[in-house]
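Novice: Just so it is clear, I am handing over start.tsv, which has TSV, C-alpha atoms.
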chain	number	residue	atom	x	y	z
A	1	MET	CA	0.58	365.43	140.59
A	2	SER	CA	1.78	365.50	144.18
A	3	ARG	CA	4.56	363.30	145.49
A	4	PHE	CA	2.02	361.57	147.79
A	5	THR	CA	-0.28	360.81	144.85
A	6	ARG	CA	2.57	359.47	142.71
A	7	ARG	CA	3.70	357.31	145.62
A	8	GLY	CA	0.14	356.04	146.16
A	9	LEU	CA	-0.16	355.08	142.51
A	10	ALA	CA	3.18	353.32	142.67
A	11	VAL	CA	2.06	351.31	145.71
A	12	LEU	CA	-1.22	350.43	143.98
A	13	GLY	CA	0.75	349.32	140.94
A	14	LEU	CA	3.02	347.15	143.08
A	15	GLY	CA	-0.02	345.63	144.78
A	16	ALA	CA	-1.54	344.79	141.42
A	17	CYS	CA	1.69	343.10	140.36
A	18	LEU	CA	1.80	341.12	143.58
A	19	LEU	CA	-1.81	340.03	143.13
A	20	ALA	CA	-1.01	338.94	139.61
A	21	GLN	CA	1.78	336.63	140.81
A	22	PRO	CA	0.77	332.95	141.05
A	23	VAL	CA	0.27	331.76	144.64
A	24	LEU	CA	2.59	328.84	145.30
A	25	ALA	CA	0.60	325.86	146.54
A	26	LYS	CA	1.78	324.10	149.66
A	27	GLU	CA	3.34	320.70	149.20
A	28	GLN	CA	0.67	318.10	149.86
A	29	PHE	CA	1.25	314.62	151.24
A	30	ARG	CA	-1.03	311.65	151.91
A	31	ILE	CA	-0.66	309.13	154.75
A	32	ALA	CA	-2.48	305.77	154.88
A	33	TRP	CA	-3.42	303.83	157.99
A	34	SER	CA	-5.75	300.94	158.88
A	35	LEU	CA	-7.38	299.66	162.05
A	36	TYR	CA	-4.87	298.49	164.64
A	37	PRO	CA	-4.38	299.78	168.22
A	38	GLY	CA	-0.85	300.94	167.49
A	39	PHE	CA	-2.04	302.95	164.49
A	40	MET	CA	-4.92	304.77	166.18
A	41	PRO	CA	-2.76	307.72	167.30
A	42	MET	CA	-2.50	308.74	163.63
A	43	GLU	CA	-6.29	309.07	163.43
A	44	TYR	CA	-6.37	311.15	166.62
A	45	ALA	CA	-3.60	313.36	165.24
A	46	ARG	CA	-5.98	314.07	162.37
A	47	THR	CA	-9.19	314.70	164.31
A	48	SER	CA	-7.55	316.68	167.12
A	49	GLY	CA	-5.76	319.07	164.78
A	50	ILE	CA	-2.32	318.01	166.04
A	51	MET	CA	-1.25	316.93	162.56
A	52	ASP	CA	-2.50	320.17	161.03
A	53	LYS	CA	-0.54	322.14	163.61
A	54	TRP	CA	2.72	320.40	162.76
A	55	ALA	CA	2.05	320.55	159.03
A	56	LYS	CA	1.46	324.29	159.29
A	57	LYS	CA	4.72	324.68	161.17
A	58	TYR	CA	6.59	323.24	158.20
A	59	GLY	CA	4.46	324.87	155.50
A	60	ILE	CA	2.94	321.67	154.15
A	61	GLU	CA	-0.42	319.92	154.04
A	62	VAL	CA	-0.86	316.35	155.27
A	63	GLU	CA	-3.96	314.28	154.54
A	64	ILE	CA	-4.47	311.23	156.76
A	65	VAL	CA	-6.61	308.52	155.14
A	66	GLN	CA	-8.04	305.35	156.66
A	67	VAL	CA	-7.90	302.36	154.30
A	68	ASN	CA	-10.19	299.57	155.48
A	69	ASP	CA	-8.10	296.75	154.01
A	70	TYR	CA	-4.62	296.73	155.58
A	71	ILE	CA	-2.78	295.09	152.65
A	72	GLU	CA	-4.62	297.27	150.15
A	73	GLY	CA	-3.31	300.35	151.96
A	74	ILE	CA	0.26	299.09	151.64
A	75	ASN	CA	-0.31	298.24	147.98
A	76	GLN	CA	-1.61	301.75	147.33
A	77	TYR	CA	1.43	303.22	149.07
A	78	SER	CA	3.68	301.01	146.93
A	79	ALA	CA	1.88	302.20	143.79
A	80	GLY	CA	2.49	305.84	144.73
A	81	ALA	CA	-1.03	306.78	145.86
A	82	PHE	CA	0.34	307.61	149.33
A	83	ASP	CA	3.61	309.16	150.48
A	84	ALA	CA	3.63	307.24	153.75
A	85	CYS	CA	1.84	304.33	155.36
A	86	LEU	CA	1.65	302.73	158.78
A	87	MET	CA	2.60	299.06	158.51
A	88	ALA	CA	4.44	296.15	160.07
A	89	THR	CA	8.17	296.16	159.42
A	90	MET	CA	7.91	292.71	157.84
A	91	ASP	CA	5.33	293.98	155.36
A	92	ALA	CA	7.55	296.98	154.61
A	93	LEU	CA	10.20	294.50	153.49
A	94	THR	CA	8.02	292.08	151.56
A	95	ILE	CA	5.69	294.51	149.76
A	96	PRO	CA	7.15	297.95	148.90
A	97	ALA	CA	10.84	297.15	149.38
A	98	ALA	CA	10.65	293.79	147.60
A	99	GLY	CA	8.68	295.53	144.86
A	100	GLY	CA	11.51	297.99	144.28
A	101	VAL	CA	10.04	300.94	146.20
A	102	ASP	CA	12.86	302.39	148.30
A	103	SER	CA	11.26	302.98	151.70
A	104	THR	CA	12.37	304.53	154.98
A	105	LEU	CA	11.08	303.66	158.42
A	106	LEU	CA	11.01	306.92	160.41
A	107	THR	CA	10.18	305.29	163.72
A	108	ILE	CA	9.14	302.04	165.28
A	109	GLY	CA	5.77	302.93	166.71
A	110	ASP	CA	5.06	299.79	168.69
A	111	TYR	CA	5.47	296.09	169.03
A	112	SER	CA	2.63	293.67	169.47
A	113	ASN	CA	2.48	292.47	173.07
A	114	GLY	CA	-0.66	290.37	172.86
A	115	ASN	CA	-2.50	292.08	170.01
A	116	ASP	CA	-1.75	289.27	167.54
A	117	ALA	CA	-3.41	286.01	168.42
A	118	ILE	CA	-4.22	282.47	167.32
A	119	ILE	CA	-7.81	281.54	168.11
A	120	LEU	CA	-9.41	278.10	167.89
A	121	LYS	CA	-12.99	276.91	168.07
A	122	HIS	CA	-12.05	273.36	168.88
A	123	GLY	CA	-9.11	272.89	171.22
A	124	SER	CA	-7.52	274.51	174.21
A	125	SER	CA	-3.85	274.51	173.21
A	126	LEU	CA	-1.84	275.51	170.16
A	127	ALA	CA	-1.01	271.87	169.43
A	128	ASP	CA	-4.74	271.30	168.77
A	129	ILE	CA	-4.44	273.39	165.58
A	130	LYS	CA	-2.94	270.40	163.78
A	131	GLY	CA	-4.97	269.34	160.76
A	132	GLN	CA	-7.25	272.39	160.79
A	133	PRO	CA	-7.85	275.04	158.11
A	134	VAL	CA	-6.44	278.34	159.37
A	135	ASN	CA	-7.79	281.71	158.21
A	136	LEU	CA	-5.20	284.48	158.04
A	137	ILE	CA	-3.67	287.03	155.68
A	138	GLN	CA	-1.29	284.74	153.88
A	139	PHE	CA	2.34	285.93	153.56
A	140	SER	CA	1.74	288.81	155.97
A	141	VAL	CA	3.14	289.32	159.46
A	142	SER	CA	0.32	287.05	160.68
A	143	HIS	CA	1.78	284.26	158.57
A	144	TYR	CA	5.23	284.82	160.08
A	145	PHE	CA	3.68	284.93	163.56
A	146	LEU	CA	1.95	281.60	162.96
A	147	ALA	CA	5.14	279.98	161.66
A	148	ARG	CA	7.09	281.09	164.73
A	149	ALA	CA	4.30	279.89	167.02
A	150	LEU	CA	4.17	276.47	165.35
A	151	GLU	CA	7.90	276.03	165.96
A	152	SER	CA	7.21	276.19	169.70
A	153	VAL	CA	5.04	273.04	169.57
A	154	GLY	CA	6.96	271.09	166.95
A	155	LEU	CA	4.52	271.75	164.12
A	156	SER	CA	4.89	273.35	160.72
A	157	GLU	CA	2.66	274.65	157.95
A	158	ARG	CA	2.59	271.17	156.45
A	159	ASP	CA	0.36	270.21	159.38
A	160	LEU	CA	-2.27	272.82	158.42
A	161	THR	CA	-4.28	274.21	155.54
A	162	LEU	CA	-3.91	277.98	155.15
A	163	VAL	CA	-6.90	280.00	153.96
A	164	ASN	CA	-6.09	283.51	152.72
A	165	THR	CA	-8.54	285.97	154.31
A	166	SER	CA	-8.81	289.76	154.36
A	167	ASP	CA	-8.62	291.42	157.77
A	168	ALA	CA	-11.92	293.15	156.99
A	169	ASP	CA	-13.63	289.72	156.83
A	170	MET	CA	-12.18	288.09	159.94
A	171	VAL	CA	-14.91	288.87	162.47
A	172	PRO	CA	-17.96	287.84	160.38
A	173	LEU	CA	-16.19	284.76	159.03
A	174	PHE	CA	-15.42	283.34	162.46
A	175	GLY	CA	-19.12	282.65	162.95
A	176	GLN	CA	-19.23	280.28	159.99
A	177	PRO	CA	-19.11	276.56	160.89
A	178	ALA	CA	-16.32	275.84	158.39
A	179	VAL	CA	-14.00	278.33	160.10
A	180	THR	CA	-12.27	276.68	163.05
A	181	ALA	CA	-8.93	278.47	163.44
A	182	MET	CA	-7.88	282.05	162.82
A	183	VAL	CA	-4.78	284.23	163.11
A	184	THR	CA	-5.53	287.95	163.36
A	185	TRP	CA	-4.94	291.06	165.46
A	186	ASN	CA	-6.83	293.66	167.47
A	187	PRO	CA	-9.45	295.04	167.26
A	188	MET	CA	-10.66	291.88	165.48
A	189	VAL	CA	-9.23	289.66	168.25
A	190	SER	CA	-11.26	291.43	170.93
A	191	ASP	CA	-14.46	291.08	168.92
A	192	ILE	CA	-13.89	287.39	168.16
A	193	LEU	CA	-13.01	286.53	171.77
A	194	LYS	CA	-16.44	287.78	172.88
A	195	ARG	CA	-17.81	284.54	171.43
A	196	ASP	CA	-18.25	281.51	173.68
A	197	ASP	CA	-16.69	279.22	171.08
A	198	ALA	CA	-13.49	281.30	170.67
A	199	HIS	CA	-10.41	280.08	172.55
A	200	LEU	CA	-7.16	282.03	172.67
A	201	VAL	CA	-4.27	279.53	172.42
A	202	PHE	CA	-1.26	281.73	171.59
A	203	ASP	CA	-0.53	285.44	171.39
A	204	SER	CA	2.37	287.78	170.74
A	205	ARG	CA	3.21	288.21	174.43
A	206	GLN	CA	5.17	285.01	173.93
A	207	MET	CA	7.48	286.70	171.41
A	208	PRO	CA	7.94	290.28	172.71
A	209	GLY	CA	9.70	292.85	170.55
A	210	GLU	CA	9.45	290.78	167.38
A	211	LEU	CA	6.26	291.95	165.66
A	212	THR	CA	7.00	295.62	165.13
A	213	ASP	CA	5.13	298.38	163.32
A	214	GLY	CA	6.08	301.84	162.24
A	215	ILE	CA	5.73	304.85	159.98
A	216	VAL	CA	7.11	304.09	156.52
A	217	VAL	CA	7.72	306.83	153.95
A	218	ASN	CA	8.92	306.85	150.39
A	219	SER	CA	12.69	307.42	150.60
A	220	ALA	CA	12.87	309.76	147.60
A	221	THR	CA	10.00	311.84	148.98
A	222	VAL	CA	11.50	312.24	152.43
A	223	ALA	CA	14.95	313.01	150.99
A	224	LYS	CA	13.42	315.86	149.00
A	225	HIS	CA	11.02	316.92	151.75
A	226	PRO	CA	12.51	316.31	155.20
A	227	GLU	CA	9.81	318.65	156.52
A	228	LEU	CA	7.34	315.78	156.03
A	229	ALA	CA	9.34	313.53	158.35
A	230	LYS	CA	9.66	316.30	160.94
A	231	ALA	CA	5.93	317.00	160.89
A	232	LEU	CA	5.03	313.30	161.16
A	233	ILE	CA	7.41	312.63	164.04
A	234	GLY	CA	6.36	315.81	165.85
A	235	ALA	CA	2.66	315.05	165.52
A	236	TRP	CA	3.07	311.37	166.40
A	237	PHE	CA	4.86	311.92	169.70
A	238	GLU	CA	2.70	314.87	170.72
A	239	THR	CA	-0.32	312.61	170.21
A	240	LEU	CA	1.27	309.83	172.27
A	241	ALA	CA	2.00	312.31	175.06
A	242	VAL	CA	-1.64	313.43	175.16
A	243	MET	CA	-3.15	309.93	175.02
A	244	GLY	CA	-0.81	308.70	177.75
A	245	GLU	CA	-1.93	311.31	180.28
A	246	ASP	CA	-3.99	310.35	183.32
A	247	SER	CA	-6.08	313.44	182.79
A	248	ASP	CA	-9.35	314.53	181.22
A	249	ALA	CA	-7.48	315.26	177.99
A	250	GLY	CA	-5.86	311.83	177.99
A	251	ARG	CA	-9.11	310.04	178.73
A	252	GLU	CA	-10.89	312.01	176.02
A	253	ALA	CA	-8.16	311.09	173.51
A	254	ARG	CA	-8.46	307.40	174.36
A	255	SER	CA	-12.26	307.63	174.10
A	256	VAL	CA	-12.05	309.16	170.64
A	257	MET	CA	-9.60	306.50	169.50
A	258	GLY	CA	-11.76	303.77	170.99
A	259	GLN	CA	-14.81	304.99	169.09
A	260	ALA	CA	-12.79	305.11	165.86
A	261	ALA	CA	-11.70	301.53	166.54
A	262	GLY	CA	-15.29	300.38	167.03
A	263	THR	CA	-15.21	300.13	170.82
A	264	ASP	CA	-15.17	302.46	173.83
A	265	ARG	CA	-12.43	303.86	176.04
A	266	ALA	CA	-12.31	300.80	178.30
A	267	GLY	CA	-12.17	298.47	175.31
A	268	PHE	CA	-9.44	300.48	173.64
A	269	GLU	CA	-7.42	300.64	176.86
A	270	ARG	CA	-7.54	296.84	177.02
A	271	GLN	CA	-6.16	296.75	173.49
A	272	LEU	CA	-3.43	299.20	174.50
A	273	ASP	CA	-2.47	296.82	177.29
A	274	ALA	CA	-1.53	294.37	174.52
A	275	THR	CA	0.43	297.00	172.58
A	276	TYR	CA	3.86	298.24	173.59
A	277	LEU	CA	3.88	301.82	172.31
A	278	PHE	CA	7.20	303.65	172.34
A	279	ALA	CA	6.08	306.76	174.17
A	280	THR	CA	9.10	308.98	173.54
A	281	PRO	CA	11.46	309.61	170.62
A	282	ALA	CA	14.41	308.59	172.80
A	283	GLU	CA	12.86	305.21	173.61
A	284	ALA	CA	11.91	304.52	169.99
A	285	GLY	CA	15.36	305.52	168.80
A	286	ALA	CA	17.10	303.26	171.30
A	287	PHE	CA	14.98	300.32	170.13
A	288	MET	CA	15.78	301.04	166.49
A	289	ARG	CA	19.52	301.23	167.21
A	290	ASP	CA	19.55	297.99	169.20
A	291	PRO	CA	21.37	295.24	167.25
A	292	ALA	CA	18.36	293.01	167.99
A	293	MET	CA	16.42	295.01	165.38
A	294	ALA	CA	18.77	293.84	162.63
A	295	GLN	CA	18.71	290.28	163.95
A	296	THR	CA	14.91	290.15	163.92
A	297	MET	CA	14.74	291.56	160.40
A	298	ALA	CA	17.30	289.02	159.21
A	299	ARG	CA	15.10	286.22	160.54
A	300	ILE	CA	12.09	287.81	158.83
A	301	ALA	CA	14.05	288.05	155.57
A	302	GLU	CA	14.88	284.35	155.75
A	303	PHE	CA	11.22	283.47	156.30
A	304	SER	CA	10.18	285.79	153.47
A	305	TYR	CA	12.68	284.27	151.05
A	306	ALA	CA	11.50	280.75	151.91
A	307	LYS	CA	7.94	281.83	151.09
A	308	GLY	CA	8.90	283.52	147.83
A	309	LEU	CA	8.00	286.98	149.12
A	310	LEU	CA	11.14	288.78	147.97
A	311	GLY	CA	10.33	288.55	144.27
A	312	ASN	CA	10.83	285.98	141.54
A	313	GLY	CA	14.40	287.10	140.93
A	314	ALA	CA	15.52	286.75	144.55
A	315	THR	CA	18.35	284.27	144.88
A	316	SER	CA	18.87	284.63	148.64
A	317	ALA	CA	17.33	286.03	151.80
A	318	GLY	CA	19.54	289.09	151.34
A	319	ALA	CA	18.27	289.93	147.87
A	320	VAL	CA	16.58	293.04	149.24
A	321	GLY	CA	19.15	295.03	151.20
A	322	MET	CA	18.35	296.74	154.49
A	323	ALA	CA	20.22	299.55	156.27
A	324	PHE	CA	19.78	299.87	160.04
A	325	ALA	CA	19.97	302.75	162.48
A	326	ASP	CA	23.00	301.24	164.23
A	327	GLY	CA	24.97	301.53	160.99
A	328	SER	CA	24.83	297.85	160.10
A	329	ARG	CA	23.48	296.42	156.86
A	330	TYR	CA	21.92	293.18	155.75
A	331	GLY	CA	21.82	291.73	152.27
A	332	ASP	CA	22.69	293.25	148.92
A	333	ALA	CA	24.48	296.57	149.47
A	334	ASN	CA	23.65	297.52	145.86
A	335	ASN	CA	19.94	296.95	146.37
A	336	VAL	CA	19.11	298.62	149.69
A	337	LYS	CA	15.38	299.23	149.62
A	338	LEU	CA	14.47	299.39	153.32
A	339	ARG	CA	16.09	301.92	155.64
A	340	PHE	CA	15.71	302.34	159.40
A	341	ASP	CA	16.50	306.04	159.89
A	342	ASP	CA	16.49	307.49	163.41
A	343	GLN	CA	17.73	311.00	162.56
A	344	TYR	CA	14.32	312.61	163.09
A	345	LEU	CA	13.88	310.77	166.37
A	346	ARG	CA	17.22	312.20	167.50
A	347	LEU	CA	16.06	315.69	166.57
A	348	ALA	CA	12.82	315.18	168.47
A	349	ALA	CA	14.61	313.81	171.52
A	350	ALA	CA	16.86	316.87	171.54
A	351	GLY	CA	13.90	319.23	171.22
A	352	GLN	CA	15.07	320.41	167.81
A	353	LEU	CA	12.03	319.72	165.64
I need this file expressed as structure tokens, please.
Specialist:
Amino acid sequence: MSRFTRRGLAVLGLGACLLAQPVLAKEQFRIAWSLYPGFMPMEYARTSGIMDKWAKKYGIEVEIVQVNDYIEGINQYSAGAFDACLMATMDALTIPAAGGVDSTLLTIGDYSNGNDAIILKHGSSLADIKGQPVNLIQFSVSHYFLARALESVGLSERDLTLVNTSDADMVPLFGQPAVTAMVTWNPMVSDILKRDDAHLVFDSRQMPGELTDGIVVNSATVAKHPELAKALIGAWFETLAVMGEDSDAGREARSVMGQAAGTDRAGFERQLDATYLFATPAEAGAFMRDPAMAQTMARIAEFSYAKGLLGNGATSAGAVGMAFADGSRYGDANNVKLRFDDQYLRLAAAGQL
């Protein structure tokens, strides 16, 4: 047998061994989102292939899933069905964190700047809400928003009757005669305000920077797989860069997001006008490190404790500890369950993702 033949057989044998080795599957992660203008970039990251590009860079697979019911998406994340979820920072505290699921906020994506609204059928001012039943997602950020709004006109929840309502039911319910007041957010707000009997009496422009949303991940998952955080942050800000362009590509991105939100480009751009999106990692990081972030979350914790949202065993507003990007902490240092971590934003800002 010639040396060439022996070598060929050896190579064939090595190839057979290699083929016999199990192929290691890529790590797979699932991300939940629901309809809200500030969350639509995640859907475009999926349909445009931007998320796949960043996932491939880090050797992982990321599945982005729309959940029609906002609270149900958070509940599924809390139960472990998803590795990450887009949600309001208040809901991150009162649902997963209060339930014992250690969670990390990778970035503040936006704050509501008019997207959240109080709408009445009968009345032209917020004070007219007194004595009415109010449909909203009870104990959610909408509930907090309502409580803060009522303070501005000397009212409280004792002056109302709250009716717990799913976000998926808001638009059809408003047409019912028994429904006279509603607290909800876009795109539902835009649809409801098309009605002649719908009157906007208060919106989140009157409390800028307070109703924040972001990308929340399971802390144990991201500690083990920082590549997930890098891929999410990379895809998120690339998507924001595209959608913010005054170009054919930017207009196409906004059109696609508008269609996914049940409207068109012009309608979605009006919703974006009521959403303050943090367009760059540097801007989002600066907002997260601002001491005002901790102050707002402390106020939210106090509201949540008063409403019994921090769990039956909570003995104070600080029962669920929080760690902030500026290095400060709030609440029980031995029970930190919500973390504001800007390290991936800093990497992105430095061009090191």
Novice: Record the distance separating atom CA of A:Leu86 and atom CA of A:Tyr44, expressed in Å with one decimal.
Specialist: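 So the answer is 14.0 Å.
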Novice: At what distance in Å, to one decimal, does atom CA of A:Cys85 lie from atom CA of A:Thr296?
Specialist: 21.1 Å
Novice: One decimal, Å: what's the distance from atom CA of A:Ala286 over to atom CA of A:Val141, could you say?
Specialist: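 We find that atom CA of A:Ala286 and atom CA of A:Val141 lie 23.0 Å from each other.
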Novice: Could you list, with a cut-off of 10 Å and counting only C-alpha atoms, the residues of stretch 226-280 of chain A near stretch 97-109 of chain A, each shown with its nearest atom pair and the distance in Å rounded to one decimal, rows sorted by chain and ascending number, as CSV?
Specialist:
residue,atom,partner,partner_atom,distance
A:Ala229,CA,A:Leu106,CA,7.1
A:Lys230,CA,A:Leu106,CA,9.5
A:Leu232,CA,A:Leu106,CA,8.8
A:Ile233,CA,A:Leu106,CA,7.7
A:Trp236,CA,A:Gly109,CA,8.9
A:Phe237,CA,A:Gly109,CA,9.5
A:Leu240,CA,A:Gly109,CA,9.9
A:Thr275,CA,A:Gly109,CA,9.9
A:Tyr276,CA,A:Gly109,CA,8.5
A:Leu277,CA,A:Gly109,CA,6.0
A:Phe278,CA,A:Gly109,CA,5.9
A:Ala279,CA,A:Gly109,CA,8.4
A:Thr280,CA,A:Gly109,CA,9.7
Novice: Please, which residues are within 12 Å of (-7.6, 315.4, 167.1) by the file's coordinates, counting all atoms listed in the file, and could they come as a VMD selection string?
Specialist: chain A and resid 40 to 53 64 235 to 236 238 to 240 242 to 243 249 to 250 252 to 257 260
Novice: Which residue is closest to A:Ala261? Choose from A:Ala88, A:Ser34, A:Gly351, A:Asn164 and count only C-alpha atoms.
Specialist: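 Nearest to A:Ala261: A:Ser34.
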Novice: Name all residues at most 6 Å from stretch 317-325 of chain A (count all atoms listed in the file; drop same-chain ones fewer than 5 positions away) and give them as an MDAnalysis selection string.
Specialist: chainID A and resid 289 301:302 305 330:333 335:342
Novice: Please list as a PyMOL selection string every residue within 9 Å of A:Trp185, counting all atoms listed in the file and excluding residues in the same chain fewer than 6 positions away.
Specialist: chain A and resi 36+112+114-118+142+167
Novice: Need to verify the contact set: A:Ile74, 12 Å, only C-alpha atoms, exclusion of same-chain residues closer than 5 positions in sequence. Can you return it as JSON, numbers by chain?
Specialist: {"A": [31, 32, 33, 34, 66, 67, 68, 69, 79, 80, 81, 82, 83, 84, 85, 86, 87, 88, 89, 90, 91, 92, 93, 94, 95, 96, 97, 99, 101, 103, 140, 215, 216, 217, 218]}
Novice: How would you write as a ChimeraX atom specification the residues that get within 9 Å of (-5.4, 271.0, 161.3) in the file's frame, counting all atoms listed in the file?
Specialist: /A:128-134,159-161,181
